[in-house]
Each structure stands twice: as structure tokens, then as C-alpha cells.
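The next block is final_28.cif, given as mmCIF, C-alpha atoms and all ligand atoms.
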data_work
loop_
_atom_site.group_PDB
_atom_site.id
_atom_site.type_symbol
_atom_site.label_atom_id
_atom_site.label_comp_id
_atom_site.auth_asym_id
_atom_site.auth_seq_id
_atom_site.Cartn_x
_atom_site.Cartn_y
_atom_site.Cartn_z
ATOM 1 C CA VAL Z 1 122.036 -5.536 3.092
ATOM 2 C CA ILE Z 2 125.604 -5.621 4.312
ATOM 3 C CA THR Z 3 128.367 -7.444 2.457
ATOM 4 C CA VAL Z 4 131.414 -8.642 4.357
ATOM 5 C CA VAL Z 5 134.594 -9.518 2.470
ATOM 6 C CA PRO Z 6 137.469 -11.061 4.428
ATOM 7 C CA LEU Z 7 140.663 -9.657 2.902
ATOM 8 C CA GLY Z 8 143.074 -11.538 5.131
ATOM 9 C CA THR Z 9 142.241 -14.546 7.293
ATOM 10 C CA GLY Z 10 145.651 -15.757 8.472
ATOM 11 C CA ALA Z 11 147.541 -15.235 11.729
ATOM 12 C CA GLY Z 12 150.901 -13.506 11.990
ATOM 13 C CA ARG Z 13 152.299 -13.677 8.464
ATOM 14 C CA PRO Z 14 150.937 -14.204 4.993
ATOM 15 C CA THR Z 15 150.827 -17.609 3.324
ATOM 16 C CA SER Z 16 149.971 -18.371 -0.286
ATOM 17 C CA ARG Z 17 146.431 -19.118 0.887
ATOM 18 C CA ARG Z 18 145.787 -16.536 3.602
ATOM 19 C CA ASN Z 19 146.860 -12.914 3.815
ATOM 20 C CA VAL Z 20 147.253 -11.179 7.200
ATOM 21 C CA SER Z 21 144.264 -9.622 8.971
ATOM 22 C CA ALA Z 22 141.796 -7.296 7.293
ATOM 23 C CA LEU Z 23 138.079 -7.375 6.597
ATOM 24 C CA ALA Z 24 135.974 -5.091 4.417
ATOM 25 C CA LEU Z 25 132.348 -4.251 5.174
ATOM 26 C CA VAL Z 26 130.249 -2.677 2.430
ATOM 27 C CA ARG Z 27 126.943 -0.967 3.211
ATOM 28 C CA GLY Z 28 125.220 1.178 0.619
ATOM 29 C CA GLY Z 29 128.016 3.053 -1.094
ATOM 30 C CA ASP Z 30 130.241 3.042 1.959
ATOM 31 C CA LEU Z 31 133.298 0.902 2.680
ATOM 32 C CA VAL Z 32 134.635 0.280 6.172
ATOM 33 C CA LEU Z 33 137.756 -1.690 7.093
ATOM 34 C CA PHE Z 34 138.319 -3.727 10.224
ATOM 35 C CA ASP Z 35 142.099 -4.115 10.577
ATOM 36 C CA CYS Z 36 144.438 -3.291 7.744
ATOM 37 C CA GLY Z 37 147.290 -5.788 7.510
ATOM 38 C CA GLU Z 38 149.950 -5.621 4.847
ATOM 39 C CA ALA Z 39 148.649 -5.799 1.248
ATOM 40 C CA THR Z 40 145.094 -4.868 2.259
ATOM 41 C CA GLN Z 41 144.890 -2.520 -0.727
ATOM 42 C CA HIS Z 42 145.982 -5.301 -3.097
ATOM 43 C CA GLN Z 43 143.304 -7.581 -1.674
ATOM 44 C CA ALA Z 44 140.681 -4.839 -1.862
ATOM 45 C CA ARG Z 45 141.531 -4.345 -5.527
ATOM 46 C CA ARG Z 46 141.199 -8.087 -6.187
ATOM 47 C CA ALA Z 47 137.820 -8.051 -4.462
ATOM 48 C CA GLY Z 48 136.650 -5.220 -6.723
ATOM 49 C CA LEU Z 49 136.237 -2.819 -3.785
ATOM 50 C CA LYS Z 50 136.640 0.916 -4.292
ATOM 51 C CA LEU Z 51 139.023 2.379 -1.734
ATOM 52 C CA GLY Z 52 137.757 5.819 -2.682
ATOM 53 C CA HIS Z 53 134.555 4.863 -0.818
ATOM 54 C CA LEU Z 54 136.465 4.162 2.397
ATOM 55 C CA ARG Z 55 134.859 6.010 5.311
ATOM 56 C CA ALA Z 56 136.505 4.518 8.406
ATOM 57 C CA VAL Z 57 139.175 2.071 9.549
ATOM 58 C CA PHE Z 58 138.828 0.244 12.877
ATOM 59 C CA LEU Z 59 142.112 -1.209 14.146
ATOM 60 C CA THR Z 60 141.924 -3.867 16.833
ATOM 61 C CA HIS Z 61 145.510 -3.420 18.042
ATOM 62 C CA LEU Z 62 148.887 -2.255 16.844
ATOM 63 C CA HIS Z 63 150.508 -5.615 16.041
ATOM 64 C CA GLY Z 64 151.971 -5.326 12.551
ATOM 65 C CA ASP Z 65 149.878 -8.070 11.004
ATOM 66 C CA HIS Z 66 146.815 -5.870 11.695
ATOM 67 C CA VAL Z 67 148.105 -2.400 10.739
ATOM 68 C CA ASN Z 68 151.032 -2.566 8.288
ATOM 69 C CA GLY Z 69 148.730 -2.010 5.313
ATOM 70 C CA LEU Z 70 147.355 1.315 6.540
ATOM 71 C CA PRO Z 71 150.288 3.509 5.403
ATOM 72 C CA GLY Z 72 149.884 2.070 1.909
ATOM 73 C CA VAL Z 73 146.155 2.759 1.872
ATOM 74 C CA ILE Z 74 146.691 6.347 3.059
ATOM 75 C CA GLY Z 75 149.405 6.846 0.433
ATOM 76 C CA SER Z 76 147.209 5.592 -2.399
ATOM 77 C CA LEU Z 77 144.222 7.681 -1.280
ATOM 78 C CA THR Z 78 146.490 10.752 -1.251
ATOM 79 C CA LEU Z 79 147.767 9.990 -4.770
ATOM 80 C CA SER Z 80 144.184 9.650 -5.957
ATOM 81 C CA GLY Z 81 143.416 13.181 -4.728
ATOM 82 C CA ARG Z 82 141.159 12.367 -1.817
ATOM 83 C CA GLU Z 83 139.984 15.367 0.153
ATOM 84 C CA GLU Z 84 137.304 14.036 2.460
ATOM 85 C CA PRO Z 85 138.334 13.000 5.984
ATOM 86 C CA LEU Z 86 139.089 9.406 6.959
ATOM 87 C CA ARG Z 87 138.232 8.158 10.428
ATOM 88 C CA VAL Z 88 140.864 5.906 12.021
ATOM 89 C CA VAL Z 89 139.968 4.244 15.329
ATOM 90 C CA GLY Z 90 142.348 2.170 17.439
ATOM 91 C CA PRO Z 91 144.021 1.764 20.804
ATOM 92 C CA ARG Z 92 146.203 4.509 22.291
ATOM 93 C CA GLY Z 93 149.359 4.866 20.237
ATOM 94 C CA VAL Z 94 147.745 4.948 16.824
ATOM 95 C CA ALA Z 95 147.934 8.760 16.703
ATOM 96 C CA ALA Z 96 151.640 8.866 17.617
ATOM 97 C CA TRP Z 97 152.396 6.164 15.033
ATOM 98 C CA LEU Z 98 150.616 7.970 12.187
ATOM 99 C CA LYS Z 99 152.102 11.315 13.263
ATOM 100 C CA LEU Z 100 155.631 9.893 13.119
ATOM 101 C CA LEU Z 101 154.987 8.357 9.693
ATOM 102 C CA GLY Z 102 153.897 11.799 8.558
ATOM 103 C CA GLU Z 103 156.913 13.576 10.061
ATOM 104 C CA LEU Z 104 159.259 11.087 8.384
ATOM 105 C CA ARG Z 105 157.343 11.541 5.125
ATOM 106 C CA VAL Z 106 156.620 7.819 4.941
ATOM 107 C CA VAL Z 107 153.127 9.012 4.163
ATOM 108 C CA TRP Z 108 151.809 12.562 3.915
ATOM 109 C CA PRO Z 109 148.040 12.351 3.868
ATOM 110 C CA GLY Z 110 146.509 15.003 1.659
ATOM 111 C CA PHE Z 111 143.231 14.801 3.577
ATOM 112 C CA PRO Z 112 142.271 15.047 7.259
ATOM 113 C CA LEU Z 113 142.687 11.973 9.443
ATOM 114 C CA GLU Z 114 140.094 11.840 12.232
ATOM 115 C CA ILE Z 115 142.000 9.717 14.716
ATOM 116 C CA ILE Z 116 140.088 8.298 17.681
ATOM 117 C CA GLU Z 117 142.174 6.619 20.388
ATOM 118 C CA LEU Z 118 140.436 4.178 22.692
ATOM 119 C CA ASP Z 119 141.167 3.651 26.379
ATOM 120 C CA ALA Z 120 137.938 1.962 27.378
ATOM 121 C CA ALA Z 121 134.637 0.679 26.043
ATOM 122 C CA GLY Z 122 132.598 3.279 24.206
ATOM 123 C CA ALA Z 123 131.214 4.616 20.965
ATOM 124 C CA ALA Z 124 133.697 4.491 18.091
ATOM 125 C CA TRP Z 125 131.478 5.918 15.341
ATOM 126 C CA GLU Z 126 127.937 7.204 15.036
ATOM 127 C CA THR Z 127 126.133 8.035 11.822
ATOM 128 C CA PRO Z 128 122.416 8.542 11.131
ATOM 129 C CA ALA Z 129 122.310 4.920 9.907
ATOM 130 C CA LEU Z 130 124.488 3.009 12.366
ATOM 131 C CA THR Z 131 126.693 2.950 15.429
ATOM 132 C CA VAL Z 132 129.999 1.196 16.074
ATOM 133 C CA GLU Z 133 130.878 0.368 19.661
ATOM 134 C CA ALA Z 134 134.283 -0.737 20.927
ATOM 135 C CA ARG Z 135 135.085 -3.002 23.869
ATOM 136 C CA PRO Z 136 138.431 -4.098 25.309
ATOM 137 C CA LEU Z 137 139.611 -7.607 24.475
ATOM 138 C CA ASP Z 138 142.194 -9.782 26.243
ATOM 139 C CA HIS Z 139 145.449 -9.928 24.239
ATOM 140 C CA ARG Z 140 149.160 -9.364 24.944
ATOM 141 C CA VAL Z 141 148.794 -5.666 24.114
ATOM 142 C CA PRO Z 142 145.783 -3.359 24.433
ATOM 143 C CA ALA Z 143 143.206 -4.610 21.916
ATOM 144 C CA PHE Z 144 139.609 -3.703 21.102
ATOM 145 C CA GLY Z 145 136.808 -5.523 19.339
ATOM 146 C CA TYR Z 146 133.979 -3.765 17.540
ATOM 147 C CA ALA Z 147 130.264 -4.188 16.928
ATOM 148 C CA LEU Z 148 128.549 -2.363 14.086
ATOM 149 C CA GLN Z 149 124.835 -1.981 14.685
ATOM 150 C CA GLU Z 150 122.400 -0.568 12.147
ATOM 151 C CA ARG Z 151 119.753 1.632 13.705
ATOM 152 C CA PRO Z 152 116.293 0.026 13.594
ATOM 153 C CA ARG Z 153 113.998 1.208 10.832
ATOM 154 C CA PRO Z 154 110.408 2.122 11.753
ATOM 155 C CA GLY Z 155 107.742 -0.428 10.944
ATOM 156 C CA THR Z 156 105.701 -0.257 7.751
ATOM 157 C CA LEU Z 157 102.193 1.144 7.608
ATOM 158 C CA ASP Z 158 99.540 -1.559 7.153
ATOM 159 C CA VAL Z 159 98.091 -0.061 3.983
ATOM 160 C CA GLU Z 160 95.889 -3.058 3.207
ATOM 161 C CA LYS Z 161 94.189 -2.851 6.549
ATOM 162 C CA LEU Z 162 93.550 0.882 6.162
ATOM 163 C CA ARG Z 163 92.115 0.341 2.681
ATOM 164 C CA ALA Z 164 89.881 -2.433 3.973
ATOM 165 C CA MET Z 165 88.653 -0.005 6.645
ATOM 166 C CA GLY Z 166 87.793 2.444 3.872
ATOM 167 C CA VAL Z 167 90.500 5.005 4.637
ATOM 168 C CA PRO Z 168 91.605 6.435 1.276
ATOM 169 C CA PRO Z 169 95.329 7.055 0.701
ATOM 170 C CA GLY Z 170 96.256 10.639 1.567
ATOM 171 C CA PRO Z 171 97.574 12.818 4.374
ATOM 172 C CA ALA Z 172 95.818 10.605 6.938
ATOM 173 C CA TYR Z 173 98.285 7.810 6.142
ATOM 174 C CA ARG Z 174 101.205 10.011 7.110
ATOM 175 C CA GLU Z 175 99.478 10.944 10.367
ATOM 176 C CA PHE Z 176 98.854 7.302 11.231
ATOM 177 C CA LYS Z 177 102.511 6.572 10.536
ATOM 178 C CA GLU Z 178 103.699 9.477 12.682
ATOM 179 C CA ARG Z 179 101.450 8.396 15.556
ATOM 180 C CA GLY Z 180 102.588 4.783 15.142
ATOM 181 C CA GLU Z 181 99.022 3.604 14.528
ATOM 182 C CA PHE Z 182 98.481 0.726 12.091
ATOM 183 C CA VAL Z 183 102.245 0.419 11.919
ATOM 184 C CA GLY Z 184 104.014 -2.953 12.112
ATOM 185 C CA PRO Z 185 106.913 -3.655 14.444
ATOM 186 C CA ALA Z 186 110.243 -1.943 13.806
ATOM 187 C CA HIS Z 187 112.723 -3.666 11.499
ATOM 188 C CA PRO Z 188 115.771 -4.560 13.595
ATOM 189 C CA GLY Z 189 119.043 -3.447 12.038
ATOM 190 C CA ILE Z 190 121.865 -5.806 11.183
ATOM 191 C CA ARG Z 191 124.512 -6.368 13.872
ATOM 192 C CA PHE Z 192 128.068 -7.314 12.927
ATOM 193 C CA ALA Z 193 130.856 -8.028 15.435
ATOM 194 C CA TYR Z 194 134.608 -8.262 14.867
ATOM 195 C CA VAL Z 195 136.625 -9.841 17.681
ATOM 196 C CA THR Z 196 140.381 -10.476 17.238
ATOM 197 C CA ASP Z 197 143.085 -10.907 18.638
ATOM 198 C CA THR Z 198 141.955 -12.201 21.985
ATOM 199 C CA ARG Z 199 141.506 -14.882 24.577
ATOM 200 C CA PRO Z 200 137.864 -15.895 25.003
ATOM 201 C CA CYS Z 201 136.546 -12.922 27.029
ATOM 202 C CA GLU Z 202 133.449 -11.052 28.182
ATOM 203 C CA GLY Z 203 134.121 -8.267 25.670
ATOM 204 C CA GLY Z 204 133.716 -10.820 22.890
ATOM 205 C CA VAL Z 205 130.426 -12.057 24.349
ATOM 206 C CA GLU Z 206 129.012 -8.535 24.700
ATOM 207 C CA LEU Z 207 130.036 -7.518 21.176
ATOM 208 C CA GLY Z 208 128.684 -10.736 19.702
ATOM 209 C CA ARG Z 209 125.382 -10.521 21.599
ATOM 210 C CA GLY Z 210 122.631 -11.373 19.092
ATOM 211 C CA ALA Z 211 124.935 -10.585 16.187
ATOM 212 C CA ASP Z 212 123.844 -11.561 12.685
ATOM 213 C CA LEU Z 213 127.519 -12.352 12.148
ATOM 214 C CA LEU Z 214 130.258 -12.697 14.749
ATOM 215 C CA VAL Z 215 133.752 -12.752 13.252
ATOM 216 C CA HIS Z 216 135.992 -14.235 15.959
ATOM 217 C CA GLU Z 217 139.568 -15.350 15.896
ATOM 218 C CA GLY Z 218 140.348 -19.049 16.090
ATOM 219 C CA THR Z 219 144.109 -19.016 15.821
ATOM 220 C CA TYR Z 220 144.583 -22.626 16.893
ATOM 221 C CA PRO Z 221 142.765 -25.922 16.410
ATOM 222 C CA ALA Z 222 141.341 -27.890 19.340
ATOM 223 C CA GLY Z 223 144.064 -29.448 21.472
ATOM 224 C CA ARG Z 224 146.303 -26.389 21.440
ATOM 225 C CA GLU Z 225 144.602 -24.592 24.351
ATOM 226 C CA ASP Z 226 147.958 -24.063 26.081
ATOM 227 C CA ASP Z 227 149.456 -22.247 23.089
ATOM 228 C CA ALA Z 228 146.320 -20.151 22.799
ATOM 229 C CA ARG Z 229 146.516 -19.171 26.477
ATOM 230 C CA ASP Z 230 150.249 -18.426 26.403
ATOM 231 C CA ARG Z 231 150.026 -16.254 23.281
ATOM 232 C CA GLY Z 232 146.807 -14.375 24.009
ATOM 233 C CA HIS Z 233 144.687 -16.171 21.434
ATOM 234 C CA SER Z 234 141.670 -18.521 21.202
ATOM 235 C CA THR Z 235 141.168 -21.967 19.743
ATOM 236 C CA VAL Z 236 138.354 -22.454 17.262
ATOM 237 C CA VAL Z 237 136.379 -24.349 19.915
ATOM 238 C CA GLU Z 238 136.832 -21.534 22.433
ATOM 239 C CA ALA Z 239 135.576 -19.106 19.771
ATOM 240 C CA ALA Z 240 132.518 -21.303 19.204
ATOM 241 C CA GLY Z 241 131.849 -21.170 22.944
ATOM 242 C CA ILE Z 242 131.808 -17.370 22.785
ATOM 243 C CA ALA Z 243 129.386 -17.436 19.826
ATOM 244 C CA ALA Z 244 127.078 -19.798 21.736
ATOM 245 C CA ARG Z 245 127.129 -17.667 24.897
ATOM 246 C CA ALA Z 246 126.515 -14.514 22.872
ATOM 247 C CA GLY Z 247 123.515 -16.018 21.050
ATOM 248 C CA ALA Z 248 125.027 -15.011 17.712
ATOM 249 C CA ARG Z 249 123.230 -16.172 14.570
ATOM 250 C CA ARG Z 250 126.414 -17.055 12.669
ATOM 251 C CA LEU Z 251 130.105 -17.422 13.475
ATOM 252 C CA LEU Z 252 132.923 -16.791 11.014
ATOM 253 C CA LEU Z 253 136.299 -18.060 12.220
ATOM 254 C CA THR Z 254 139.357 -16.118 11.112
ATOM 255 C CA HIS Z 255 143.014 -15.401 12.062
ATOM 256 C CA LEU Z 256 143.853 -19.047 11.425
ATOM 257 C CA SER Z 257 147.392 -20.261 12.010
ATOM 258 C CA PRO Z 258 148.979 -22.330 9.229
ATOM 259 C CA SER Z 259 148.896 -25.231 11.716
ATOM 260 C CA CYS Z 260 145.094 -25.375 11.428
ATOM 261 C CA PRO Z 261 143.776 -28.379 9.481
ATOM 262 C CA GLU Z 262 141.514 -28.055 6.450
ATOM 263 C CA PRO Z 263 138.154 -26.285 6.990
ATOM 264 C CA ASP Z 264 136.106 -29.500 7.035
ATOM 265 C CA ALA Z 265 138.186 -30.950 9.851
ATOM 266 C CA LEU Z 266 138.044 -27.642 11.763
ATOM 267 C CA LEU Z 267 134.264 -27.530 11.452
ATOM 268 C CA GLU Z 268 134.019 -31.027 12.905
ATOM 269 C CA GLN Z 269 135.748 -29.707 16.025
ATOM 270 C CA VAL Z 270 133.523 -26.641 16.229
ATOM 271 C CA ASN Z 271 130.063 -27.856 15.224
ATOM 272 C CA PRO Z 272 129.182 -29.646 18.487
ATOM 273 C CA VAL Z 273 129.629 -26.299 20.302
ATOM 274 C CA PHE Z 274 128.146 -23.936 17.690
ATOM 275 C CA ALA Z 275 126.612 -25.419 14.568
ATOM 276 C CA LYS Z 276 126.273 -22.206 12.551
ATOM 277 C CA SER Z 277 130.029 -21.880 12.107
ATOM 278 C CA GLU Z 278 131.971 -21.119 8.947
ATOM 279 C CA ILE Z 279 135.673 -20.867 8.179
ATOM 280 C CA ALA Z 280 136.706 -17.583 6.584
ATOM 281 C CA GLU Z 281 138.544 -17.660 3.271
ATOM 282 C CA ASP Z 282 140.301 -14.678 1.717
ATOM 283 C CA LEU Z 283 138.029 -12.813 -0.724
ATOM 284 C CA ARG Z 284 135.007 -15.096 -0.195
ATOM 285 C CA PRO Z 285 132.166 -12.649 0.552
ATOM 286 C CA LEU Z 286 129.193 -13.120 2.855
ATOM 287 C CA ALA Z 287 125.883 -11.271 2.577
ATOM 288 C CA LEU Z 288 124.056 -10.296 5.779
ATOM 289 C CA GLU Z 289 120.294 -10.012 5.357
ATOM 290 C CA PRO Z 290 118.100 -8.300 7.929
ATOM 291 C CA LEU Z 291 115.877 -10.555 10.002
ATOM 292 C CA GLU Z 292 112.176 -10.212 9.322
ATOM 293 C CA PRO Z 293 110.541 -8.187 12.082
ATOM 294 C CA PRO Z 294 108.776 -10.325 14.688
ATOM 295 C CA PRO Z 295 105.048 -10.872 13.961
ATOM 296 C CA ALA Z 296 102.785 -8.238 15.533
HETATM 297 ZN ZN ZN Z 301 147.181 -11.106 14.848
HETATM 298 ZN ZN ZN Z 302 148.053 -9.680 17.952
#
Show me this structure written as C-alpha cells.
Amino acid sequence: VITVVPLGTGAGRPTSRRNVSALALVRGGDLVLFDCGEATQHQARRAGLKLGHLRAVFLTHLHGDHVNGLPGVIGSLTLSGREEPLRVVGPRGVAAWLKLLGELRVVWPGFPLEIIELDAAGAAWETPALTVEARPLDHRVPAFGYALQERPRPGTLDVEKLRAMGVPPGPAYREFKERGEFVGPAHPGIRFAYVTDTRPCEGGVELGRGADLLVHEGTYPAGREDDARDRGHSTVVEAAGIAARAGARRLLLTHLSPSCPEPDALLEQVNPVFAKSEIAEDLRPLALEPLEPPPA
């Protein structure tokens, strides 16, 4: 099970209702951040998340409303005596920015930063349990979206069937499992996609392909397509179109401008295009459950 906690769901600057962009993803004991706008550590604290469990930070782009919280997070982790490395992934420039902050002693990380700069689509993180891929988006500055994909788990051995056939439990069971005999279909892993800031684009479709949850920006309400185009953003209806094309299971709209109407009115605009849409709210968590494997 993966838990997703939006920490900031507003565009550009904080309001009393919505902080600037950040989203926490919790899997097992690990915490991962997508974007890290100002006051991300305050929001994480309010959400009861443990920053000491932070393994990686994926930055979509270097606009301040997506990164200004990272120096604070690094500073607090240093004060708390962290020693293990922290992976930071983002577009080219993120290394120079963090290096300068270090030289100026704005922050002086007491632990290694594994900085990965992106120029093109590719793998952003690989662990035994999951992969994170990055793809370019379409914004005013270089921007990347991400898809976290759990690796599939092997199917379960059909113990009942073996028992019914008179095979007693023992080493034979392990051999059947290793040979893939009497084993059900593999359990597909959970797929989570994070796509902001961007115009509706192919990168968003590819990242959201079959996703259990696609988090996509919807900076503007319907009717403000011109503003969205001029400023490198999407309307909520354009975001719903991406979710539909991608065949995502669920869409969570975020990066909402203060000009957006209340969630119910927004959903009325979106639902005809993609019915499984939700409006993100700061600190309101979502649980992602794995799909049952397809019947054999
Ligand atoms: Zn933004
Ligand atoms: Zn931006």
C-alpha cells in the first residue's frame, strides 16, 4: 500500500487554504517527496510524517514555488544528525544551485547529497522494490514529470490445488514456485504519476499510462485556456483529457490557482471528460491499493 499526502496544492504562492507545491509519498518505512515548495517541512510535520525517513526528492523544475523548501529540509536533516545519503533529482541547474547554497553557508549538509540532473527522459531512481522514470514536460523552463512504478510481485502458489492433488507441503512446493507451476498470475505493482507544471503534453500521457493515481496540474478552471497556454499551464479540463488518454484509474488535480472555484464546481467541469477525478486538498491523504491480479 502506498499513501500519498499532498503537502501543497496551490499555484505560485501560498494562501490560507493551499500551500505551494509539494507531495509526500509513503511506502513501507520510506518517504519520498515530489517537489518541495516553501514550508514543506512544516506541512510534513503537520501530516505526522517523519523527515528522517526521507529517501529521495524529485523536483519537477526550479521555479521557487516548487523548490524553496528544500534548503530548509536539508538544514533540519543536518541538525538532526543525518548521515545517510539523500537523493535529489531535478532538471539541470539543481546541482549548481545546491552547491552555491553550500558555498554561501545557507545550508551545509552533514550528509551526502546524491544529485541527479536530468536532460532527457530516463530512469531517475531504481531500487529492488520500484523504479522512478522521468519524462520532459512542456513548461516555460525545463520541467520533468515522474512515474513511480512498483515492481510486480510473483504470483502466489495455489496451495489448495496442490493439497487436493495430494501433494504434501514440503520442498516440492518451493520447486513448483520456482518453476512457476501452479502459480497464479503476477501481482501488478502500483503506479503513481506526478505531472506539474505543464501544458497538456505527451510526457504527461506516457507517465500517466495505466496509473493507479495520476496527479496532474490544473492551474486554471475551464474557460481560461488562453491563460493556461500563455503561462505554460493546463486547465482542469485539459488535465482530465490527459488522464482519459492515459487510461489512468484516478486523477488528482493540484496546483490550483486561487481563481479556481470551489471543488464541487470544478468537478462539474471535469467529470464529463474524466469521471474518476478528485481535487487535491492540503494534508488530505489518499491510499493506493494494488489491483487484484487478473484471473488466471
Ligand atoms: Zn508552479
Ligand atoms: Zn512553474
Please build the interface table for region 53-104 of chain Z against region 182-206 of chain Z with a cut-off of 12 Å, listing for each qualifying residue the nearest atom pair and the distance in Å to one decimal; count all atoms listed in the file, order rows by chain and increasing number, and write it as a tab-separated table.
residue	atom	partner	partner_atom	distance
Z:Phe58	CA	Z:Tyr194	CA	9.7
Z:Leu59	CA	Z:Thr196	CA	9.9
Z:Thr60	CA	Z:Thr196	CA	6.8
Z:His61	CA	Z:Asp197	CA	7.9
Z:Leu62	CA	Z:Asp197	CA	10.6
Z:His63	CA	Z:Asp197	CA	9.5
Z:Asp65	CA	Z:Asp197	CA	10.6
Z:His66	CA	Z:Asp197	CA	9.4
- Option closest in space to ligand ZN 302 (chain Z), from Z:Gly232, Z:Pro169, Z:Gly52, Z:Pro109 [counting only C-alpha atoms and all ligand atoms]: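 Looking at the shortest contact to ligand ZN 302 (chain Z), the residue is Z:Gly232.
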- Query: What's the 10 Å shell around Ser80 (chain Z), counting all atoms listed in the file, without same-chain residues fewer than 6 positions away, as a ChimeraX atom specification?
  - Reply: /Z:51-52,74,110
- Which residue of Z:Val26, Z:Val94, Z:Leu77, Z:Cys36 approaches Ile116 (chain Z) most closely, using all atoms listed in the file: Z:Val94
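Using all atoms listed in the file, the nearest neighbour of ligand ZN 302 (chain Z) within the list Z:Leu213, Z:Leu137, Z:Leu54, Z:Leu130 is Z:Leu137.
Separating CA of Val88 (chain Z) from CA of Ala56 (chain Z) is a distance of 5.8 Å.
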- Query: Taking into account all atoms listed in the file, which residue in the set Z:Val4, Z:Leu31, Z:Ala11, Z:Ala47 is nearest to Pro258 (chain Z)?
  - Reply: Z:Ala11
- Message: Report, in Å to a single decimal, how far apart CA of Phe111 (chain Z) and CA of Ser76 (chain Z) are.
- Response: 11.7 Å
- Query: What residues have an atom no more than 12 Å from (141.6, -6.9, -5.6) in the file's own frame, counting all atoms listed in the file, and can you write them as a list in words?
  - Reply: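 These residues have at least one counted atom within 12 Å: Val5, Pro6, Leu7, Gly8, Ala24, Ala39, Thr40, Gln41, His42, Gln43, Ala44, Arg45, Arg46, Ala47, Gly48, Leu49, Lys50, Leu51, Asp282, Leu283 and Arg284 of chain Z.
Nearest to ligand ZN 301 (chain Z) of all the residues Z:Gly28, Z:Gly170, Z:Gly210, Z:Gly37 is Z:Gly37, counting all atoms listed in the file.
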- Note on the structure: Min atom-atom distance to ligand ZN 302 (chain Z) from the set Z:Leu98, Z:Val1, Z:Val20, Z:Val89, counting all atoms listed in the file, belongs to Z:Val20
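Taking CA of Val141 (chain Z) and CA of Arg87 (chain Z) as the two end points, the separation is 22.1 Å.
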Start from the incomplete input, build all heavy atoms for region 229-235 of chain Z, and deliver everything as a PDB file, in the coordinates of the input.
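Output file selection-v9.pdb follows:
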ATOM      1  N   ARG Z 229     146.442 -19.929  25.223  1.00  0.00           N
ATOM      2  CA  ARG Z 229     146.516 -19.171  26.477  1.00  0.00           C
ATOM      3  C   ARG Z 229     147.829 -18.399  26.571  1.00  0.00           C
ATOM      4  O   ARG Z 229     147.848 -17.217  26.889  1.00  0.00           O
ATOM      5  CB  ARG Z 229     146.349 -20.113  27.663  1.00  0.00           C
ATOM      6  CG  ARG Z 229     146.067 -19.393  28.986  1.00  0.00           C
ATOM      7  CD  ARG Z 229     146.171 -20.332  30.173  1.00  0.00           C
ATOM      8  NE  ARG Z 229     147.454 -21.017  30.155  1.00  0.00           N
ATOM      9  CZ  ARG Z 229     147.607 -22.347  30.106  1.00  0.00           C
ATOM     10  NH1 ARG Z 229     146.545 -23.145  30.097  1.00  0.00           N
ATOM     11  NH2 ARG Z 229     148.814 -22.881  30.067  1.00  0.00           N
ATOM     12  N   ASP Z 230     148.940 -19.072  26.248  1.00  0.00           N
ATOM     13  CA  ASP Z 230     150.249 -18.426  26.403  1.00  0.00           C
ATOM     14  C   ASP Z 230     150.426 -17.245  25.458  1.00  0.00           C
ATOM     15  O   ASP Z 230     151.158 -16.304  25.759  1.00  0.00           O
ATOM     16  CB  ASP Z 230     151.363 -19.442  26.136  1.00  0.00           C
ATOM     17  CG  ASP Z 230     151.405 -20.534  27.195  1.00  0.00           C
ATOM     18  OD1 ASP Z 230     150.743 -20.349  28.247  1.00  0.00           O
ATOM     19  OD2 ASP Z 230     152.069 -21.567  26.974  1.00  0.00           O
ATOM     20  N   ARG Z 231     149.780 -17.288  24.298  1.00  0.00           N
ATOM     21  CA  ARG Z 231     150.026 -16.254  23.281  1.00  0.00           C
ATOM     22  C   ARG Z 231     148.866 -15.278  23.134  1.00  0.00           C
ATOM     23  O   ARG Z 231     148.840 -14.475  22.189  1.00  0.00           O
ATOM     24  CB  ARG Z 231     150.328 -16.926  21.938  1.00  0.00           C
ATOM     25  CG  ARG Z 231     151.616 -17.739  22.027  1.00  0.00           C
ATOM     26  CD  ARG Z 231     151.877 -18.570  20.787  1.00  0.00           C
ATOM     27  NE  ARG Z 231     152.833 -19.640  21.090  1.00  0.00           N
ATOM     28  CZ  ARG Z 231     153.217 -20.578  20.229  1.00  0.00           C
ATOM     29  NH1 ARG Z 231     152.735 -20.577  19.009  1.00  0.00           N
ATOM     30  NH2 ARG Z 231     154.076 -21.507  20.578  1.00  0.00           N
ATOM     31  N   GLY Z 232     147.896 -15.354  24.038  1.00  0.00           N
ATOM     32  CA  GLY Z 232     146.807 -14.375  24.009  1.00  0.00           C
ATOM     33  C   GLY Z 232     145.834 -14.600  22.876  1.00  0.00           C
ATOM     34  O   GLY Z 232     145.306 -13.634  22.303  1.00  0.00           O
ATOM     35  N   HIS Z 233     145.598 -15.857  22.535  1.00  0.00           N
ATOM     36  CA  HIS Z 233     144.687 -16.171  21.434  1.00  0.00           C
ATOM     37  C   HIS Z 233     143.598 -17.136  21.893  1.00  0.00           C
ATOM     38  O   HIS Z 233     143.514 -17.490  23.069  1.00  0.00           O
ATOM     39  CB  HIS Z 233     145.467 -16.749  20.253  1.00  0.00           C
ATOM     40  CG  HIS Z 233     146.311 -15.734  19.535  1.00  0.00           C
ATOM     41  ND1 HIS Z 233     145.758 -14.658  18.884  1.00  0.00           N
ATOM     42  CD2 HIS Z 233     147.660 -15.626  19.393  1.00  0.00           C
ATOM     43  CE1 HIS Z 233     146.729 -13.929  18.353  1.00  0.00           C
ATOM     44  NE2 HIS Z 233     147.893 -14.491  18.649  1.00  0.00           N
ATOM     45  N   SER Z 234     142.760 -17.578  20.936  1.00  0.00           N
ATOM     46  CA  SER Z 234     141.670 -18.521  21.202  1.00  0.00           C
ATOM     47  C   SER Z 234     141.804 -19.704  20.251  1.00  0.00           C
ATOM     48  O   SER Z 234     142.293 -19.541  19.122  1.00  0.00           O
ATOM     49  CB  SER Z 234     140.301 -17.879  20.938  1.00  0.00           C
ATOM     50  OG  SER Z 234     140.162 -16.650  21.620  1.00  0.00           O
ATOM     51  N   THR Z 235     141.335 -20.857  20.687  1.00  0.00           N
ATOM     52  CA  THR Z 235     141.168 -21.967  19.743  1.00  0.00           C
ATOM     53  C   THR Z 235     139.817 -21.801  19.054  1.00  0.00           C
ATOM     54  O   THR Z 235     138.953 -21.024  19.511  1.00  0.00           O
ATOM     55  CB  THR Z 235     141.185 -23.336  20.449  1.00  0.00           C
ATOM     56  OG1 THR Z 235     139.998 -23.463  21.237  1.00  0.00           O
ATOM     57  CG2 THR Z 235     142.427 -23.504  21.331  1.00  0.00           C
TER      58      THR Z 235
END
